[in-house]
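To keep things clear, I will list the structure first and then write my remarks on it.
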2 protein chains.
Amino acid sequence: MAPLAAENCVVCRAGAPTMTANEIEELKPQISDWKVIERDGILQLERFYAFRNFTQSLAFTNEIAALAEEVGHHPAILTEWVGVTVSWWTHKIKGLHRNDFIMAAKTDALYKGG
Amino acid sequence: MAPLAAENCVVCRAGAPTMTANEIEELKPQISDWKVIERDGILQLERFYAFRNFTQSLAFTNEIAALAEEVGHHPAILTEWVGVTVSWWTHKIKGLHRNDFIMAAKTDALYKGG
């Protein structure tokens, strides 16, 4: 099976099903540094990336944003001196889609350490 | 009295006192769109700025970051499609310093609407 990071996002329409617990369990090992969390009743993928200062954190934020623009799927990005926290979920379905796992893996691929 | 946005941050050392309730009450009207919140036991100033898309939000994040670098005081910035949430507090004193009110006012001055 091709790694998640090499997959492309598909168009996701409102009404598409969110991922099942089994599907999440199957893909999760490929993005082992991410947590599945629930925020405001919505499942999200979240990961903190450590950096050494605000400039490094901001540079990573901008890299993720460029990736997001490219594929048309956007995360929430918290930029702080100590690092960057990224959250992926799919607004249209208020939950997790395979696209979010693909984007989490692509975000990991951008990270070169802080 | 000069407006907060026109003041400069002063050097803040660990051990400097956090602002008193009276001091907060006195300055708060100058940054009326900000909330004083407590997160992990630390008082912070927080405001959400609405934007129309991720690109606009990211541009504002970068403007705030440039301001932060200039004065050497850095916020937490949450960048999302719908807008940007900014939090100011002073790490060294684990709370609010007059610098945070100055930076909140300067952040307001950057915002031209979403």
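Each chain of the structure tokens is named A, B, ... in the order shown, its residues numbered from 1; ligands are numbered from 1 in display order.
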
inquiry  = Should the cut-off be 8 Å, what would the residue list for chain B against chain A look like, counting only C-alpha atoms, as a PyMOL selection string?
reply    = chain B and resi 54+58+62+65+74-81

Please produce an output containing N, CA, C and O atoms for each residue in the selection, written as an mmCIF file, in the first residue's frame.
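Saved as selection36.cif:
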data_model
loop_
_atom_site.group_PDB
_atom_site.id
_atom_site.type_symbol
_atom_site.label_atom_id
_atom_site.label_comp_id
_atom_site.auth_asym_id
_atom_site.auth_seq_id
_atom_site.Cartn_x
_atom_site.Cartn_y
_atom_site.Cartn_z
ATOM 1 N N PHE B 54 -8.455 31.631 4.356
ATOM 2 C CA PHE B 54 -7.205 31.267 5.012
ATOM 3 C C PHE B 54 -6.069 32.216 4.625
ATOM 4 O O PHE B 54 -5.233 32.565 5.466
ATOM 5 N N LEU B 58 -3.807 34.188 7.240
ATOM 6 C CA LEU B 58 -2.353 33.971 7.295
ATOM 7 C C LEU B 58 -1.584 35.285 7.126
ATOM 8 O O LEU B 58 -0.567 35.509 7.791
ATOM 9 N N ASN B 62 1.118 36.839 9.813
ATOM 10 C CA ASN B 62 2.478 37.274 9.475
ATOM 11 C C ASN B 62 2.724 38.736 9.845
ATOM 12 O O ASN B 62 3.836 39.102 10.243
ATOM 13 N N ALA B 65 3.296 38.705 13.537
ATOM 14 C CA ALA B 65 4.606 38.122 13.811
ATOM 15 C C ALA B 65 5.724 39.138 13.563
ATOM 16 O O ALA B 65 6.695 39.202 14.321
ATOM 17 N N HIS B 74 6.301 38.091 22.027
ATOM 18 C CA HIS B 74 5.616 37.205 21.083
ATOM 19 C C HIS B 74 4.322 36.619 21.640
ATOM 20 O O HIS B 74 4.297 36.142 22.770
ATOM 21 N N PRO B 75 3.286 36.607 20.833
ATOM 22 C CA PRO B 75 1.989 36.055 21.255
ATOM 23 C C PRO B 75 1.847 34.593 20.832
ATOM 24 O O PRO B 75 2.757 34.010 20.238
ATOM 25 N N ALA B 76 0.699 34.021 21.151
ATOM 26 C CA ALA B 76 0.265 32.773 20.524
ATOM 27 C C ALA B 76 -0.761 33.181 19.476
ATOM 28 O O ALA B 76 -1.635 34.014 19.752
ATOM 29 N N ILE B 77 -0.646 32.636 18.271
ATOM 30 C CA ILE B 77 -1.540 33.017 17.173
ATOM 31 C C ILE B 77 -2.161 31.766 16.565
ATOM 32 O O ILE B 77 -1.444 30.912 16.040
ATOM 33 N N LEU B 78 -3.473 31.681 16.637
ATOM 34 C CA LEU B 78 -4.187 30.558 16.032
ATOM 35 C C LEU B 78 -4.743 31.007 14.687
ATOM 36 O O LEU B 78 -5.593 31.906 14.621
ATOM 37 N N THR B 79 -4.247 30.393 13.616
ATOM 38 C CA THR B 79 -4.647 30.771 12.262
ATOM 39 C C THR B 79 -5.664 29.763 11.733
ATOM 40 O O THR B 79 -5.371 28.565 11.661
ATOM 41 N N GLU B 80 -6.827 30.230 11.344
ATOM 42 C CA GLU B 80 -7.877 29.372 10.788
ATOM 43 C C GLU B 80 -8.513 30.075 9.592
ATOM 44 O O GLU B 80 -8.371 31.285 9.429
ATOM 45 N N TRP B 81 -9.231 29.315 8.783
ATOM 46 C CA TRP B 81 -9.931 29.875 7.619
ATOM 47 C C TRP B 81 -10.807 31.060 8.023
ATOM 48 O O TRP B 81 -10.804 32.110 7.367
#

query = Which of chain A counts as helix (DSSP H, G or I) under DSSP, as JSON, numbers by chain please?
reply = {"A": [4, 5, 6, 21, 22, 23, 24, 25, 26, 27, 28, 29, 30, 31, 54, 55, 56, 57, 58, 59, 60, 61, 62, 63, 64, 65, 66, 67, 68, 69, 70, 71, 91, 92, 93, 98, 99, 100, 101, 102, 103, 104, 105, 106, 107, 108, 109, 110]}

Keeping C-alpha atoms, export the residues of the selection given above as a PDB file, in the first residue's frame.
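What follows is the written file part11.pdb:
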ATOM      1  CA  LEU A   4      -0.485   8.171   3.189  1.00  0.00           C
ATOM      2  CA  ALA A   5       1.873  11.064   2.493  1.00  0.00           C
ATOM      3  CA  ALA A   6       1.985  10.038  -1.173  1.00  0.00           C
ATOM      4  CA  ALA A  21     -13.294   3.694  14.413  1.00  0.00           C
ATOM      5  CA  ASN A  22     -11.889   0.759  12.445  1.00  0.00           C
ATOM      6  CA  GLU A  23     -10.702   2.972   9.608  1.00  0.00           C
ATOM      7  CA  ILE A  24      -9.064   5.347  12.089  1.00  0.00           C
ATOM      8  CA  GLU A  25      -7.337   2.452  13.849  1.00  0.00           C
ATOM      9  CA  GLU A  26      -6.047   1.164  10.540  1.00  0.00           C
ATOM     10  CA  LEU A  27      -4.468   4.454   9.431  1.00  0.00           C
ATOM     11  CA  LYS A  28      -3.325   5.803  12.808  1.00  0.00           C
ATOM     12  CA  PRO A  29      -0.007   3.846  12.897  1.00  0.00           C
ATOM     13  CA  GLN A  30       1.132   5.776   9.820  1.00  0.00           C
ATOM     14  CA  ILE A  31       0.837   9.048  11.743  1.00  0.00           C
ATOM     15  CA  PHE A  54       9.142  32.154  17.039  1.00  0.00           C
ATOM     16  CA  THR A  55      10.803  32.671  13.665  1.00  0.00           C
ATOM     17  CA  GLN A  56      11.260  28.922  13.170  1.00  0.00           C
ATOM     18  CA  SER A  57       7.686  28.253  14.274  1.00  0.00           C
ATOM     19  CA  LEU A  58       6.321  30.890  11.904  1.00  0.00           C
ATOM     20  CA  ALA A  59       8.326  29.499   8.990  1.00  0.00           C
ATOM     21  CA  PHE A  60       6.731  26.081   9.563  1.00  0.00           C
ATOM     22  CA  THR A  61       3.278  27.664   9.803  1.00  0.00           C
ATOM     23  CA  ASN A  62       3.830  29.254   6.403  1.00  0.00           C
ATOM     24  CA  GLU A  63       5.056  25.969   4.907  1.00  0.00           C
ATOM     25  CA  ILE A  64       1.926  24.188   6.118  1.00  0.00           C
ATOM     26  CA  ALA A  65      -0.233  27.030   4.804  1.00  0.00           C
ATOM     27  CA  ALA A  66       1.372  26.739   1.351  1.00  0.00           C
ATOM     28  CA  LEU A  67       0.664  22.996   1.345  1.00  0.00           C
ATOM     29  CA  ALA A  68      -2.917  23.661   2.449  1.00  0.00           C
ATOM     30  CA  GLU A  69      -3.483  26.189  -0.342  1.00  0.00           C
ATOM     31  CA  GLU A  70      -2.050  23.748  -2.859  1.00  0.00           C
ATOM     32  CA  VAL A  71      -4.524  20.997  -2.014  1.00  0.00           C
ATOM     33  CA  HIS A  91     -15.368  21.130   8.257  1.00  0.00           C
ATOM     34  CA  LYS A  92     -17.911  19.913   5.703  1.00  0.00           C
ATOM     35  CA  ILE A  93     -18.489  16.623   7.522  1.00  0.00           C
ATOM     36  CA  ARG A  98      -9.193  10.142   4.941  1.00  0.00           C
ATOM     37  CA  ASN A  99      -7.999  13.523   3.567  1.00  0.00           C
ATOM     38  CA  ASP A 100      -7.105  14.573   7.128  1.00  0.00           C
ATOM     39  CA  PHE A 101      -4.855  11.551   7.601  1.00  0.00           C
ATOM     40  CA  ILE A 102      -3.231  12.279   4.245  1.00  0.00           C
ATOM     41  CA  MET A 103      -2.625  15.905   5.268  1.00  0.00           C
ATOM     42  CA  ALA A 104      -1.273  14.862   8.694  1.00  0.00           C
ATOM     43  CA  ALA A 105       1.234  12.581   6.951  1.00  0.00           C
ATOM     44  CA  LYS A 106       2.165  15.341   4.492  1.00  0.00           C
ATOM     45  CA  THR A 107       2.638  17.765   7.428  1.00  0.00           C
ATOM     46  CA  ASP A 108       4.984  15.254   9.093  1.00  0.00           C
ATOM     47  CA  ALA A 109       6.948  15.103   5.837  1.00  0.00           C
ATOM     48  CA  LEU A 110       7.487  18.897   5.984  1.00  0.00           C
TER      49      LEU A 110
END

ask   = Do you know which residues are at most 10 Å from Lys35 of chain B counting only C-alpha atoms, after dropping those on the same chain fewer than 6 positions away, and could you put them as JSON, numbers by chain?
value = {"B": [28, 44, 45, 46, 47, 48, 87]}

Let's have the selection written as a short mmCIF file (atom, residue, chain, number, x, y, z; two decimals), in the first residue's frame, with C-alpha atoms.
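Result went into selection05.cif, see below:
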data_model
loop_
_atom_site.label_atom_id
_atom_site.label_comp_id
_atom_site.auth_asym_id
_atom_site.auth_seq_id
_atom_site.Cartn_x
_atom_site.Cartn_y
_atom_site.Cartn_z
CA LYS B 28 -9.13 47.40 29.59
CA GLN B 44 -4.02 36.18 29.15
CA LEU B 45 -5.53 38.70 26.77
CA GLU B 46 -7.36 37.08 23.85
CA ARG B 47 -9.15 38.38 20.77
CA PHE B 48 -10.60 36.78 17.64
CA SER B 87 -3.28 35.66 22.86
#

request  = Between atom CA of Ser32 of chain A and atom CA of Tyr49 of chain A, measure the distance and give it in Å to one decimal.
outcome  =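 A separation of 13.2 Å between them.
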
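Assigned to strand (DSSP E) in chain A, given DSSP computed from backbone atoms, are Lys35, Val36, Ile37, Glu38, Arg39, Ile42, Leu43, Gln44, Leu45, Glu46, Arg47, Phe48, Tyr49, Ala50, Ala76, Ile77, Leu78, Thr79, Glu80, Gly83, Val84, Thr85, Val86, Ser87 and Trp88 of chain A.
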
For N, CA and C atoms, I'd like the residues from the last selection saved as a compact mmCIF listing (two decimals), in the first residue's frame.
# COMPACT_ATOMS: atom_id res chain seq x y z
N LYS A 35 -2.44 12.81 17.75
CA LYS A 35 -3.49 12.36 18.66
C LYS A 35 -4.85 12.57 18.00
N VAL A 36 -5.76 11.66 18.24
CA VAL A 36 -7.15 11.89 17.85
C VAL A 36 -7.83 12.53 19.05
N ILE A 37 -8.28 13.75 18.90
CA ILE A 37 -8.93 14.44 20.02
C ILE A 37 -10.34 14.86 19.62
N GLU A 38 -11.15 15.16 20.62
CA GLU A 38 -12.49 15.67 20.33
C GLU A 38 -12.57 17.10 20.81
N ARG A 39 -12.94 18.02 19.94
CA ARG A 39 -13.06 19.43 20.31
C ARG A 39 -14.41 19.93 19.84
N ILE A 42 -16.27 17.49 17.83
CA ILE A 42 -15.75 17.12 16.51
C ILE A 42 -14.40 16.42 16.66
N LEU A 43 -14.29 15.23 16.07
CA LEU A 43 -13.00 14.54 16.11
C LEU A 43 -11.99 15.26 15.23
N GLN A 44 -10.79 15.43 15.76
CA GLN A 44 -9.72 16.11 15.02
C GLN A 44 -8.40 15.37 15.23
N LEU A 45 -7.48 15.53 14.28
CA LEU A 45 -6.11 15.07 14.45
C LEU A 45 -5.29 16.25 14.93
N GLU A 46 -4.45 16.04 15.94
CA GLU A 46 -3.65 17.14 16.47
C GLU A 46 -2.22 16.70 16.77
N ARG A 47 -1.26 17.54 16.40
CA ARG A 47 0.14 17.27 16.74
C ARG A 47 0.87 18.57 17.05
N PHE A 48 1.76 18.48 18.05
CA PHE A 48 2.63 19.60 18.40
C PHE A 48 4.01 19.35 17.80
N TYR A 49 4.57 20.35 17.11
CA TYR A 49 5.92 20.29 16.56
C TYR A 49 6.79 21.29 17.30
N ALA A 50 7.85 20.83 17.93
CA ALA A 50 8.72 21.71 18.71
C ALA A 50 9.65 22.52 17.82
N ALA A 76 -6.15 24.16 11.33
CA ALA A 76 -5.96 25.23 12.31
C ALA A 76 -4.51 25.12 12.76
N ILE A 77 -3.82 26.26 12.81
CA ILE A 77 -2.39 26.25 13.16
C ILE A 77 -2.15 27.23 14.29
N LEU A 78 -1.69 26.72 15.41
CA LEU A 78 -1.35 27.57 16.55
C LEU A 78 0.17 27.79 16.55
N THR A 79 0.57 29.04 16.35
CA THR A 79 1.99 29.39 16.28
C THR A 79 2.44 30.01 17.60
N GLU A 80 3.44 29.41 18.22
CA GLU A 80 3.99 29.93 19.48
C GLU A 80 5.51 29.86 19.43
N GLY A 83 6.77 26.27 19.63
CA GLY A 83 6.42 25.32 18.59
C GLY A 83 5.08 25.59 17.94
N VAL A 84 4.67 24.65 17.13
CA VAL A 84 3.45 24.81 16.32
C VAL A 84 2.52 23.61 16.57
N THR A 85 1.26 23.92 16.87
CA THR A 85 0.27 22.86 17.03
C THR A 85 -0.67 22.87 15.83
N VAL A 86 -0.77 21.75 15.16
CA VAL A 86 -1.57 21.66 13.94
C VAL A 86 -2.78 20.76 14.18
N SER A 87 -3.94 21.20 13.73
CA SER A 87 -5.16 20.39 13.84
C SER A 87 -5.80 20.23 12.46
N TRP A 88 -6.05 18.99 12.11
CA TRP A 88 -6.73 18.69 10.84
C TRP A 88 -8.07 18.05 11.11
